[in-house]
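What follows is one structure encoded as structure tokens, with my remarks underneath.
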Amino acid sequence: DDDDDDGEKKDNSKGRGGHRNAHSSAWEQRMVELDDCLKQAEGCSFIIFNLFCLDAYHIAQHLDIPALAINGYPLFSTAPSRLRPSLQREFPRLLEMLEEAKPGDSVCWREVDTWMWPLFSEDHETIRTKRLLLPPVPFLDRATHNAPRALPPPTPMLFGVSPLVCPEPGYYPPTIKHTGFWLPRKTNTNEAYSEEKKNKNEEGRHKEKERRNGADSNGGEDALKRRLMRFLNAGKPGRSVPNDTV
């Protein structure tokens, strides 16, 4: 039994080690991507990002430029229940300001509760403090890391869904909008047919030209061969062939 227990413990330990290695590798890859995004964003006047790349929000704050958030579908989840008590414990004044803020005038709790809450996670805190030298959570004063004198302007959030299909919930602040579906540009059917026919005609003419050029080329090669043979045979004894080479 002891051997079995020891063996089981060893297996579990290996499993935990493998998990740590996988997490470490994923984190290193994330840092590489973050550095690349930071390099690409230098010199930009604003940043557009989706919810699969929330690190871009921190990059915009690091570079002190505005940002626009977009997503192909709306979210119906809210902030985890532990976020509010955590902010109340660590940054009570910031939480109070977010709850009292007028939606649309500045960032407010509704935006945090709807889509910004992942920005307050431990992973994002590490990126902000260790990589970008920002306060541990958004909206804090960059110099003191305390609650700011005034909250920053809100970051607009656009969802690519039609409000006719999915009406905007009443709890949305004015900065969150359903814009309609983002689809490829439509082309007139007749115009598309005419363009396709034109392309086919041009392709046919091009192939015919290539065929003729190929035939002329082959004919020229055959004529040259005949002339060379006549030239070579002209010097042989007993043969009298007119030399028509040039």
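Here, A, B, ... name the chains of the structure tokens in the order displayed, residue numbers run from 1 inside each chain, and ligands are numbered from 1 in the same displayed order.
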
Enumerate the residues of range 23-157 of chain A with a DSSP assignment of helix (DSSP H, G or I), computed from the backbone, and present them as JSON, numbers by chain. {"A": [23, 24, 25, 26, 27, 28, 29, 30, 31, 32, 33, 34, 35, 36, 37, 38, 39, 40, 41, 55, 56, 57, 58, 59, 60, 61, 62, 63, 83, 84, 85, 86, 87, 88, 89, 90, 92, 93, 94, 95, 96, 97, 98, 99, 100, 109, 110, 111, 112, 113, 114, 115, 116, 117, 118, 119, 120, 122, 123, 124, 125, 126, 127, 128, 129, 130, 131]}

Find the spatial neighbours of Leu87 in chain A, counting only C-alpha atoms, within a cut-off of 12 Å - ignore same-chain residues fewer than 6 positions away - and output them as number ranges by chain. A: 80-81, 93-99, 109, 112, 117, 120-121, 136-138, 140, 147

Go ahead and compute the interatomic distance for CA of His124 in chain A and CA of Tyr171 in chain A, in Å to one decimal. 25.9 Å

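Residue nearest Asp113 in chain A, chosen from A:Ala67, A:Val161, A:Ala79, A:Ala143 and counting only C-alpha atoms: A:Ala79.
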
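Secondary structure by DSSP on the backbone puts the following residues of range 46-82 of chain A in strand (DSSP E): Ile47, Ile48, Phe49, Asn50, Ala67, Leu68, Ala69, Ile70 and Asn71 of chain A.
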
Please produce an output containing all heavy atoms for each residue in the selection, written as a tab-separated table (two decimals), in the first residue's frame.
```tsv
chain	number	residue	atom	x	y	z
A	47	ILE	N	-5.95	52.81	-30.83
A	47	ILE	CA	-5.87	51.35	-30.94
A	47	ILE	C	-7.28	50.78	-30.98
A	47	ILE	O	-8.14	51.17	-30.19
A	47	ILE	CB	-5.09	50.74	-29.76
A	47	ILE	CG1	-3.61	51.11	-29.85
A	47	ILE	CG2	-5.24	49.22	-29.72
A	47	ILE	CD1	-2.78	50.59	-28.68
A	48	ILE	N	-7.51	49.86	-31.91
A	48	ILE	CA	-8.75	49.09	-31.97
A	48	ILE	C	-8.42	47.65	-31.59
A	48	ILE	O	-7.49	47.06	-32.14
A	48	ILE	CB	-9.38	49.14	-33.37
A	48	ILE	CG1	-9.70	50.59	-33.77
A	48	ILE	CG2	-10.65	48.30	-33.43
A	48	ILE	CD1	-10.24	50.73	-35.18
A	49	PHE	N	-9.16	47.09	-30.67
A	49	PHE	CA	-8.88	45.73	-30.22
A	49	PHE	C	-10.19	44.99	-29.95
A	49	PHE	O	-11.24	45.61	-29.75
A	49	PHE	CB	-8.02	45.75	-28.95
A	49	PHE	CG	-8.71	46.33	-27.75
A	49	PHE	CD1	-9.37	45.53	-26.83
A	49	PHE	CD2	-8.69	47.71	-27.52
A	49	PHE	CE1	-10.01	46.06	-25.73
A	49	PHE	CE2	-9.32	48.26	-26.42
A	49	PHE	CZ	-9.98	47.43	-25.51
A	50	ASN	N	-10.11	43.66	-29.98
A	50	ASN	CA	-11.28	42.87	-29.60
A	50	ASN	C	-11.03	42.20	-28.26
A	50	ASN	O	-9.94	42.31	-27.68
A	50	ASN	CB	-11.67	41.86	-30.69
A	50	ASN	CG	-10.63	40.78	-30.87
A	50	ASN	OD1	-9.77	40.55	-30.03
A	50	ASN	ND2	-10.69	40.10	-32.00
A	67	ALA	N	-8.56	54.24	-27.16
A	67	ALA	CA	-8.77	52.89	-27.66
A	67	ALA	C	-10.25	52.68	-27.95
A	67	ALA	O	-11.12	53.35	-27.39
A	67	ALA	CB	-8.28	51.85	-26.65
A	68	LEU	N	-10.52	51.73	-28.84
A	68	LEU	CA	-11.88	51.33	-29.19
A	68	LEU	C	-11.97	49.82	-29.11
A	68	LEU	O	-11.16	49.12	-29.72
A	68	LEU	CB	-12.23	51.82	-30.61
A	68	LEU	CG	-13.53	51.28	-31.22
A	68	LEU	CD1	-14.73	51.81	-30.46
A	68	LEU	CD2	-13.62	51.65	-32.69
A	69	ALA	N	-12.94	49.31	-28.36
A	69	ALA	CA	-13.12	47.87	-28.22
A	69	ALA	C	-14.22	47.39	-29.15
A	69	ALA	O	-15.25	48.06	-29.30
A	69	ALA	CB	-13.46	47.52	-26.77
A	70	ILE	N	-14.00	46.25	-29.80
A	70	ILE	CA	-15.01	45.67	-30.69
A	70	ILE	C	-15.10	44.18	-30.41
A	70	ILE	O	-14.17	43.56	-29.91
A	70	ILE	CB	-14.67	45.90	-32.18
A	70	ILE	CG1	-13.35	45.20	-32.54
A	70	ILE	CG2	-14.60	47.38	-32.50
A	70	ILE	CD1	-13.01	45.24	-34.02
A	71	ASN	N	-16.26	43.61	-30.74
A	71	ASN	CA	-16.43	42.17	-30.60
A	71	ASN	C	-17.53	41.72	-31.54
A	71	ASN	O	-18.50	42.45	-31.76
A	71	ASN	CB	-16.77	41.79	-29.16
A	71	ASN	CG	-16.34	40.38	-28.81
A	71	ASN	OD1	-15.17	40.03	-28.97
A	71	ASN	ND2	-17.26	39.57	-28.35
```

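For the pair CA of Leu158 in chain A and CA of Phe52 in chain A, the separation is 14.0 Å.
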